[in-house]
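Source file: entry_11.txt. Holds: compact mmCIF, C-alpha atoms.
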```txt
# COMPACT_ATOMS: atom_id res chain seq x y z
CA GLY A 462 48.51 74.84 -0.50
CA VAL A 463 45.77 76.30 1.68
CA CYS A 464 45.02 72.97 3.38
CA ALA A 465 47.48 70.32 4.56
CA ASP A 466 45.27 67.33 3.68
CA GLU A 467 41.65 66.28 3.06
CA ASP A 468 40.81 66.32 6.78
CA ASP A 469 42.09 69.88 7.02
CA PHE A 470 39.97 70.81 4.00
CA ALA A 471 36.89 69.25 5.64
CA ARG A 472 37.50 71.28 8.82
CA MET A 473 37.81 74.45 6.76
CA MET A 474 34.53 73.78 4.96
CA ARG A 475 32.75 73.15 8.27
CA ALA A 476 34.12 76.44 9.59
CA PHE A 477 32.78 78.24 6.52
CA GLN A 478 29.30 77.01 7.40
CA THR A 479 29.29 78.44 10.94
CA PRO A 480 27.82 81.91 11.58
CA LEU A 481 30.27 84.82 11.64
CA PRO A 482 30.23 86.32 15.17
CA LEU A 483 29.47 89.94 15.92
CA THR A 484 32.69 91.78 16.83
CA PHE A 485 33.55 95.35 17.78
CA ARG A 486 36.43 97.42 19.10
CA VAL A 487 36.53 100.46 21.36
CA ASN A 488 38.28 103.58 20.04
CA ALA A 489 41.57 103.82 21.94
CA SER A 490 41.87 107.57 21.25
CA SER A 491 38.28 108.51 22.17
CA LYS A 492 37.74 110.98 24.99
CA LEU A 493 34.89 108.67 26.02
CA LEU A 494 37.16 105.63 26.36
CA GLY A 495 36.95 105.49 30.16
CA ALA A 496 33.19 105.99 30.25
CA ILE A 497 32.57 103.43 27.49
CA ARG A 498 34.76 100.82 29.15
CA ARG A 499 33.12 101.38 32.57
CA ARG A 500 29.61 101.10 31.14
CA LEU A 501 30.54 97.97 29.23
CA GLU A 502 32.23 96.22 32.16
CA ARG A 503 29.94 97.40 34.98
CA ASP A 504 26.51 97.47 33.35
CA VAL A 505 26.17 95.84 29.92
CA LEU A 506 28.20 92.65 30.39
CA PRO A 507 26.98 91.89 33.96
CA ALA A 508 23.36 92.29 32.80
CA LEU A 509 23.88 89.68 30.10
CA ALA A 510 25.60 87.36 32.54
CA ARG A 511 22.73 87.63 35.08
CA GLU A 512 20.05 86.83 32.52
CA GLY A 513 21.98 84.00 30.92
CA THR A 514 20.01 84.38 27.67
CA MET A 515 23.17 84.57 25.57
CA ARG A 516 26.90 84.39 26.03
CA ALA A 517 28.36 87.66 27.19
CA PRO A 518 30.84 89.37 24.85
CA LYS A 519 34.35 88.12 25.44
CA CYS A 520 37.53 90.15 25.19
CA VAL A 521 39.79 89.37 22.23
CA GLY A 522 43.07 88.51 23.89
CA TRP A 523 45.44 89.45 21.06
CA TYR A 524 44.06 92.96 20.51
CA PRO A 525 46.04 95.68 22.38
CA GLU A 526 44.67 97.19 25.61
CA ARG A 527 41.79 94.66 25.70
CA LEU A 528 39.69 96.94 23.49
CA ALA A 529 38.19 94.37 21.08
CA PHE A 530 35.22 92.12 21.91
CA GLN A 531 33.44 89.18 20.33
CA ILE A 532 29.80 88.18 20.76
CA ASP A 533 28.97 84.60 19.78
CA VAL A 534 25.82 85.41 17.83
CA ALA A 535 25.43 85.74 14.09
CA ARG A 536 26.59 89.17 12.93
CA ASP A 537 23.20 89.74 11.25
CA ALA A 538 21.24 88.79 14.39
CA THR A 539 18.48 91.27 15.30
CA LEU A 540 19.47 92.21 18.84
CA LYS A 541 16.89 94.99 19.22
CA ALA A 542 14.01 92.54 18.69
CA SER A 543 15.11 90.27 21.53
CA ALA A 544 12.79 89.67 24.49
CA SER A 545 15.82 89.95 26.79
CA ARG A 546 16.37 93.32 28.44
CA GLY A 547 20.09 92.63 28.63
CA VAL A 548 20.34 91.95 24.90
CA VAL A 549 18.31 95.08 24.06
CA ALA A 550 20.60 97.10 26.35
CA LEU A 551 23.59 95.69 24.48
CA HIS A 552 22.03 96.78 21.18
CA GLU A 553 21.45 100.32 22.49
CA PHE A 554 25.00 100.46 23.82
CA LEU A 555 26.48 99.42 20.45
CA LYS A 556 24.25 101.89 18.59
CA GLN A 557 24.96 104.91 20.82
CA ALA A 558 28.69 104.29 21.13
CA GLY A 559 28.93 103.72 17.38
CA GLU A 560 27.21 107.00 16.55
CA THR A 561 29.70 108.95 18.66
CA GLY A 562 32.70 107.19 17.11
CA ALA A 563 33.68 105.65 20.45
CA LEU A 564 33.09 102.14 19.12
CA THR A 565 33.29 100.47 15.70
CA ARG A 566 31.74 97.20 14.61
CA GLN A 567 34.44 95.45 12.61
CA GLU A 568 35.39 91.87 11.80
CA LEU A 569 38.36 90.48 13.70
CA VAL A 570 40.36 89.64 10.57
CA SER A 571 39.89 93.23 9.39
CA MET A 572 41.57 94.50 12.56
CA ILE A 573 44.83 92.65 11.89
CA PRO A 574 46.43 94.55 8.93
CA PRO A 575 46.36 97.98 10.67
CA LEU A 576 47.94 96.46 13.79
CA LEU A 577 50.81 95.12 11.70
CA LEU A 578 51.57 98.62 10.40
CA ASP A 579 52.52 99.85 13.90
CA VAL A 580 51.57 103.48 13.15
CA LYS A 581 53.34 106.28 15.06
CA PRO A 582 52.12 109.89 15.53
CA GLY A 583 54.48 111.48 12.99
CA HIS A 584 53.99 108.92 10.23
CA ARG A 585 52.64 109.68 6.79
CA VAL A 586 50.15 106.86 6.17
CA ILE A 587 48.05 105.93 3.15
CA ASP A 588 45.27 103.34 2.93
CA MET A 589 45.25 102.77 -0.84
CA CYS A 590 41.92 100.91 -1.14
CA ALA A 591 40.23 102.28 1.95
CA ALA A 592 36.46 101.96 1.57
CA PRO A 593 34.31 101.32 3.53
CA GLY A 594 36.73 102.79 6.09
CA SER A 595 36.92 100.58 9.18
CA LYS A 596 40.65 100.00 8.72
CA THR A 597 41.24 103.71 8.06
CA SER A 598 39.38 104.60 11.26
CA GLN A 599 41.58 102.13 13.10
CA LEU A 600 44.73 103.72 11.63
CA LEU A 601 43.53 107.16 12.71
CA GLU A 602 42.81 105.91 16.21
CA MET A 603 46.27 104.35 16.44
CA SER A 604 47.88 107.59 15.32
CA HIS A 605 45.96 109.67 17.88
CA ALA A 606 46.42 107.14 20.69
CA ALA A 607 50.18 107.08 20.09
CA SER A 608 50.25 110.89 20.40
CA GLY A 609 49.52 110.55 24.10
CA LYS A 610 46.80 111.91 26.34
CA GLY A 611 45.62 115.49 26.56
CA GLY A 612 43.96 115.66 23.16
CA LYS A 613 47.21 116.32 21.30
CA SER A 614 46.82 115.82 17.55
CA PRO A 615 49.32 113.66 15.64
CA SER A 616 51.87 115.48 13.50
CA GLY A 617 51.46 112.96 10.68
CA VAL A 618 48.64 112.34 8.21
CA VAL A 619 46.40 109.44 7.18
CA ILE A 620 45.26 109.48 3.55
CA ALA A 621 42.20 107.34 2.83
CA ASN A 622 42.00 106.64 -0.90
CA ASP A 623 39.51 104.70 -2.99
CA ALA A 624 39.01 104.36 -6.75
CA SER A 625 35.20 104.49 -6.52
CA LEU A 626 33.50 107.85 -6.03
CA GLN A 627 30.46 106.23 -4.43
CA ARG A 628 32.61 104.22 -2.03
CA SER A 629 34.68 107.33 -1.28
CA ASN A 630 31.49 109.03 -0.06
CA LEU A 631 30.83 106.02 2.19
CA LEU A 632 34.42 106.23 3.35
CA THR A 633 34.01 109.90 4.27
CA HIS A 634 30.85 109.16 6.25
CA GLN A 635 32.57 106.32 8.14
CA CYS A 636 35.73 108.28 9.01
CA LYS A 637 34.25 111.69 9.83
CA ARG A 638 33.11 110.37 13.22
CA SER A 639 36.75 110.51 14.29
CA ASN A 640 36.82 114.32 13.87
CA SER A 641 40.52 113.97 13.11
CA PRO A 642 42.55 116.83 11.59
CA ALA A 643 44.98 114.19 10.34
CA LEU A 644 42.51 112.69 7.83
CA VAL A 645 42.56 113.31 4.06
CA VAL A 646 40.14 111.47 1.75
CA THR A 647 41.03 111.06 -1.95
CA ASN A 648 39.33 109.44 -4.95
CA HIS A 649 42.00 107.98 -7.25
CA GLN A 650 43.04 104.70 -8.83
CA ALA A 651 45.46 103.13 -6.34
CA GLN A 652 47.84 101.83 -9.03
CA LEU A 653 48.16 105.39 -10.41
CA PHE A 654 48.23 107.38 -7.17
CA PRO A 655 50.51 110.37 -7.82
CA MET A 656 53.79 111.07 -6.12
CA LEU A 657 53.42 113.97 -3.67
CA TYR A 658 55.92 116.83 -3.19
CA ASP A 659 56.58 119.33 -0.42
CA ALA A 660 56.89 123.10 -0.86
CA LYS A 661 60.57 122.74 -1.82
CA GLY A 662 59.88 120.14 -4.50
CA ALA A 663 61.16 117.17 -2.51
CA LYS A 664 59.27 113.88 -2.84
CA LEU A 665 56.96 113.01 0.05
CA ARG A 666 56.92 109.25 0.45
CA PHE A 667 54.86 107.34 2.99
CA ASP A 668 56.14 105.73 6.19
CA ARG A 669 53.27 103.24 6.30
CA ILE A 670 51.13 101.90 3.45
CA LEU A 671 48.12 99.60 3.65
CA ALA A 672 47.18 97.89 0.38
CA ASP A 673 44.00 95.93 1.11
CA VAL A 674 43.48 95.25 -2.57
CA PRO A 675 40.36 94.28 -4.57
CA CYS A 676 40.08 90.50 -4.59
CA SER A 677 37.82 87.55 -5.33
CA GLY A 678 36.71 87.52 -1.69
CA ASP A 679 36.64 83.74 -1.47
CA GLY A 680 37.75 84.00 2.16
CA THR A 681 34.47 85.70 3.10
CA LEU A 682 32.16 82.75 2.53
CA ARG A 683 30.89 82.88 6.13
CA LYS A 684 29.76 86.48 5.58
CA SER A 685 28.64 86.17 1.96
CA PRO A 686 27.11 82.71 1.32
CA ASP A 687 26.11 83.78 -2.22
CA LEU A 688 29.78 83.46 -3.18
CA TRP A 689 29.33 79.67 -3.11
CA ARG A 690 27.36 79.95 -6.37
CA LYS A 691 29.58 82.60 -8.00
CA TRP A 692 33.05 81.23 -7.26
CA ASN A 693 35.23 79.84 -10.02
CA PRO A 694 38.99 79.19 -10.30
CA SER A 695 39.53 82.16 -12.62
CA SER A 696 38.21 84.76 -10.14
CA GLY A 697 41.63 85.38 -8.58
CA VAL A 698 43.43 85.18 -11.92
CA ASP A 699 41.30 87.99 -13.37
CA LEU A 700 42.34 90.37 -10.57
CA HIS A 701 45.99 89.33 -10.30
CA THR A 702 47.32 92.00 -12.68
CA LEU A 703 45.54 94.82 -10.82
CA GLN A 704 46.68 93.46 -7.45
CA LEU A 705 50.29 93.30 -8.62
CA GLU A 706 50.13 96.83 -10.07
CA ILE A 707 48.84 98.23 -6.76
CA ALA A 708 51.48 96.37 -4.73
CA THR A 709 54.40 97.45 -6.92
CA HIS A 710 53.21 101.06 -7.08
CA ALA A 711 52.83 101.09 -3.30
CA LEU A 712 56.51 100.16 -3.04
CA ARG A 713 57.41 103.17 -5.20
CA LEU A 714 55.49 105.42 -2.79
CA LEU A 715 57.10 103.87 0.30
CA GLU A 716 59.80 105.66 2.28
CA VAL A 717 63.10 103.83 2.74
CA GLY A 718 62.75 101.87 5.97
CA GLY A 719 58.95 102.16 5.81
CA ARG A 720 56.42 99.35 6.01
CA LEU A 721 53.90 98.07 3.48
CA VAL A 722 51.14 95.66 4.53
CA TYR A 723 49.44 93.86 1.63
CA SER A 724 46.21 92.01 2.37
CA THR A 725 43.24 90.38 0.66
CA CYS A 726 40.02 88.65 1.72
CA SER A 727 41.01 85.64 -0.38
CA LEU A 728 42.52 82.22 0.31
CA ASN A 729 43.78 81.91 -3.27
CA PRO A 730 47.60 81.61 -3.13
CA MET A 731 47.90 83.72 -6.30
CA GLU A 732 46.11 86.60 -4.57
```
As a first step, turn the structure in this file into structure tokens.
Amino acid sequence: GVCADEDDFARMMRAFQTPLPLTFRVNASSKLLGAIRRRLERDVLPALAREGTMRAPKCVGWYPERLAFQIDVARDATLKASASRGVVALHEFLKQAGETGALTRQELVSMIPPLLLDVKPGHRVIDMCAAPGSKTSQLLEMSHAASGKGGKSPSGVVIANDASLQRSNLLTHQCKRSNSPALVVTNHQAQLFPMLYDAKGAKLRFDRILADVPCSGDGTLRKSPDLWRKWNPSSGVDLHTLQLEIATHALRLLEVGGRLVYSTCSLNPME
């Protein structure tokens, strides 16, 4: 079960009713990494601490290289309308760094699946249900960061696939900030993604596969309160066949000794 007892269930429901914090991570492969980190640690965070109008962003301890931060305000809070100069400066920092691709606003739970893949520079990687692209961007950054310093491009590839044409366009917009030569965007049903072949006709399987499959989303109640009205027990059942098809097809595309990470935004054990 999801909860151990009724008290555990009550704690979970109280957690669902708390605002989702604003979280972001700094691009580990960005040429601006040093400058972004210095500005954040020397200017932005100290200014917030001096004013005391809100809690300063705190580093997320489990994220590598101390590159992820959490701000204990609602993720939909209007920072730019604040009367605090420190808060407005934070908003400008997030906006400018985001536009250059040096920083990405992303939920903490969304950062976990790419970390579990442990991507290396020479890996062939596919994100089977990639839109809107925050996880794909993270995979690209990991691939470039693992290639070492000096601007050396990874020898592998990251394929970002999505079944929706509209969402694929959003995916392209999100990932193009990385300016990575290792990125390929495709628009295909994940459960039918074709086997790829090299010039000699040999099958090209993937070293790492992320299957963040379509789901009922009942684990996102903090972000999407409207789901309280829409949820019903059959939501996960309706998607189970598609989820299973994507997972099993991903295994067919996986290289021997490779790694598949399957994830959903649901708490339903079936999903």
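Shortest atom-to-atom contact with Leu501 in chain A among A:Ala544, A:Val534, A:Leu555, A:Val521: A:Leu555, counting all atoms listed in the file.
Here CA of Lys684 in chain A is placed at a distance of 13.6 Å from CA of Met474 in chain A.
As for CA of Asp659 in chain A and CA of Leu601 in chain A, they are spaced 22.2 Å apart.
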May I have a table of the residues of range 617-725 of chain A lying at most 12 Å from range 484-497 of chain A, giving each one's closest pair of atoms and their distance in Å to one decimal, counting all atoms listed in the file, ordered by chain and ascending residue number, as a Markdown table?
```
| residue | atom | partner | partner_atom | distance |
| --- | --- | --- | --- | --- |
| A:Arg638 | CA | A:Ser491 | CA | 10.5 |
| A:Ser639 | CA | A:Ser491 | CA | 8.3 |
| A:Asn640 | CA | A:Ser491 | CA | 10.2 |
| A:Ser641 | CA | A:Ser490 | CA | 10.4 |
```
Only C-alpha atoms, please: the residues just picked out, written as a PDB file, in the coordinates of the input.
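part33.pdb, freshly written:
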```
ATOM      1  CA  ARG A 638      33.110 110.370  13.220  1.00  0.00           C
ATOM      2  CA  SER A 639      36.750 110.510  14.290  1.00  0.00           C
ATOM      3  CA  ASN A 640      36.820 114.320  13.870  1.00  0.00           C
ATOM      4  CA  SER A 641      40.520 113.970  13.110  1.00  0.00           C
TER       5      SER A 641
END
```
A:Lys613, A:Lys637, A:Arg683, A:His584: which is nearest Arg475 in chain A, counting only C-alpha atoms?
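Ranked by minimum distance to Arg475 in chain A, first place goes to A:Arg683.
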Can you pull out every residue within 9 Å of range 688-694 of chain A, counting all atoms listed in the file, but drop anything in the same chain fewer than 5 positions away, and send it as a list of chain:residue names?
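Answer for this query is A:Ser677, A:Gly678, A:Asp679, A:Thr681, A:Leu682, A:Asn729.
Compared by their closest atoms to Pro507 in chain A, and using all atoms listed in the file, the residues A:Gly583, A:Pro525, A:Gly547, A:Gly718 rank with A:Gly547 nearest.
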Selection near Ala711 in chain A, 10 Å with all atoms listed in the file, sequence-local residues under 4 positions removed, as a ChimeraX atom specification:
/A:587,589,651-654,666-667,669-672,705-707,715,721-723
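The shortest atom-to-atom distance to Lys664 in chain A, with only C-alpha atoms taken into account, belongs to A:Glu716 out of A:Arg511, A:Glu716, A:Ala606, A:Val570.
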Which distance in Å separates CA of Gly662 in chain A and CA of Leu714 in chain A, to one decimal?
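That distance, rounded to one decimal, is 15.5 Å.
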I need the residue nearest Cys464 in chain A from this list: A:Leu728, A:Leu657, A:Ala550, A:Leu481. Use all atoms listed in the file for the distance.
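Of all the options, A:Leu728 lies closest to Cys464 in chain A.
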Show which residues sit within 12 Å of Cys520 in chain A, as a short mmCIF file (atom, residue, chain, number, x, y, z; two decimals) with C-alpha atoms, keeping the file's coordinate frame. Count all atoms listed in the file, and ignore same-chain residues fewer than 2 positions away.
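Contents of part.cif, as written:
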```cif
data_model
loop_
_atom_site.label_atom_id
_atom_site.label_comp_id
_atom_site.auth_asym_id
_atom_site.auth_seq_id
_atom_site.Cartn_x
_atom_site.Cartn_y
_atom_site.Cartn_z
CA THR A 484 32.69 91.78 16.83
CA PHE A 485 33.55 95.35 17.78
CA ARG A 486 36.43 97.42 19.10
CA VAL A 487 36.53 100.46 21.36
CA ARG A 498 34.76 100.82 29.15
CA LEU A 501 30.54 97.97 29.23
CA GLU A 502 32.23 96.22 32.16
CA LEU A 506 28.20 92.65 30.39
CA ALA A 517 28.36 87.66 27.19
CA PRO A 518 30.84 89.37 24.85
CA GLY A 522 43.07 88.51 23.89
CA TRP A 523 45.44 89.45 21.06
CA TYR A 524 44.06 92.96 20.51
CA PRO A 525 46.04 95.68 22.38
CA GLU A 526 44.67 97.19 25.61
CA ARG A 527 41.79 94.66 25.70
CA LEU A 528 39.69 96.94 23.49
CA ALA A 529 38.19 94.37 21.08
CA PHE A 530 35.22 92.12 21.91
CA GLN A 531 33.44 89.18 20.33
CA ILE A 532 29.80 88.18 20.76
CA ASP A 533 28.97 84.60 19.78
CA LEU A 569 38.36 90.48 13.70
#
```
Looking at all atoms listed in the file, which of A:Ala708, A:Ala471, A:Met515, A:Cys636 is the one that sits closest to Gly594 in chain A?
A:Cys636
Within 9 Å of (34.9, 107.7, 6.6), all atoms listed in the file: residues as a list in words?
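The distance filter leaves exactly Ala591, Ala592, Pro593, Gly594, Ser595, Thr597, Ser598, Ala621, Ser629, Asn630, Leu631, Leu632, Thr633, His634, Gln635, Cys636, Lys637, Arg638, Ser639 and Val646 of chain A.
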Contacts of Gly697 in chain A at 8 Å (only C-alpha atoms; same-chain gap of 2+ positions) as an mmCIF file with C-alpha atoms, keeping the file's coordinate frame:
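Okay, selection_3.cif is ready:
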```cif
data_model
loop_
_atom_site.group_PDB
_atom_site.id
_atom_site.type_symbol
_atom_site.label_atom_id
_atom_site.label_comp_id
_atom_site.auth_asym_id
_atom_site.auth_seq_id
_atom_site.Cartn_x
_atom_site.Cartn_y
_atom_site.Cartn_z
ATOM 1 C CA CYS A 676 40.080 90.500 -4.590
ATOM 2 C CA SER A 677 37.820 87.550 -5.330
ATOM 3 C CA PRO A 694 38.990 79.190 -10.300
ATOM 4 C CA SER A 695 39.530 82.160 -12.620
ATOM 5 C CA ASP A 699 41.300 87.990 -13.370
ATOM 6 C CA LEU A 700 42.340 90.370 -10.570
ATOM 7 C CA HIS A 701 45.990 89.330 -10.300
ATOM 8 C CA ASN A 729 43.780 81.910 -3.270
ATOM 9 C CA MET A 731 47.900 83.720 -6.300
ATOM 10 C CA GLU A 732 46.110 86.600 -4.570
#
```
Could you check which residues have any atom within 9 Å of (42.6, 112.0, 0.7), counting only C-alpha atoms with coordinates taken straight from the file, and then list them as a VMD selection string?
chain A and resid 587 619 to 623 644 to 649
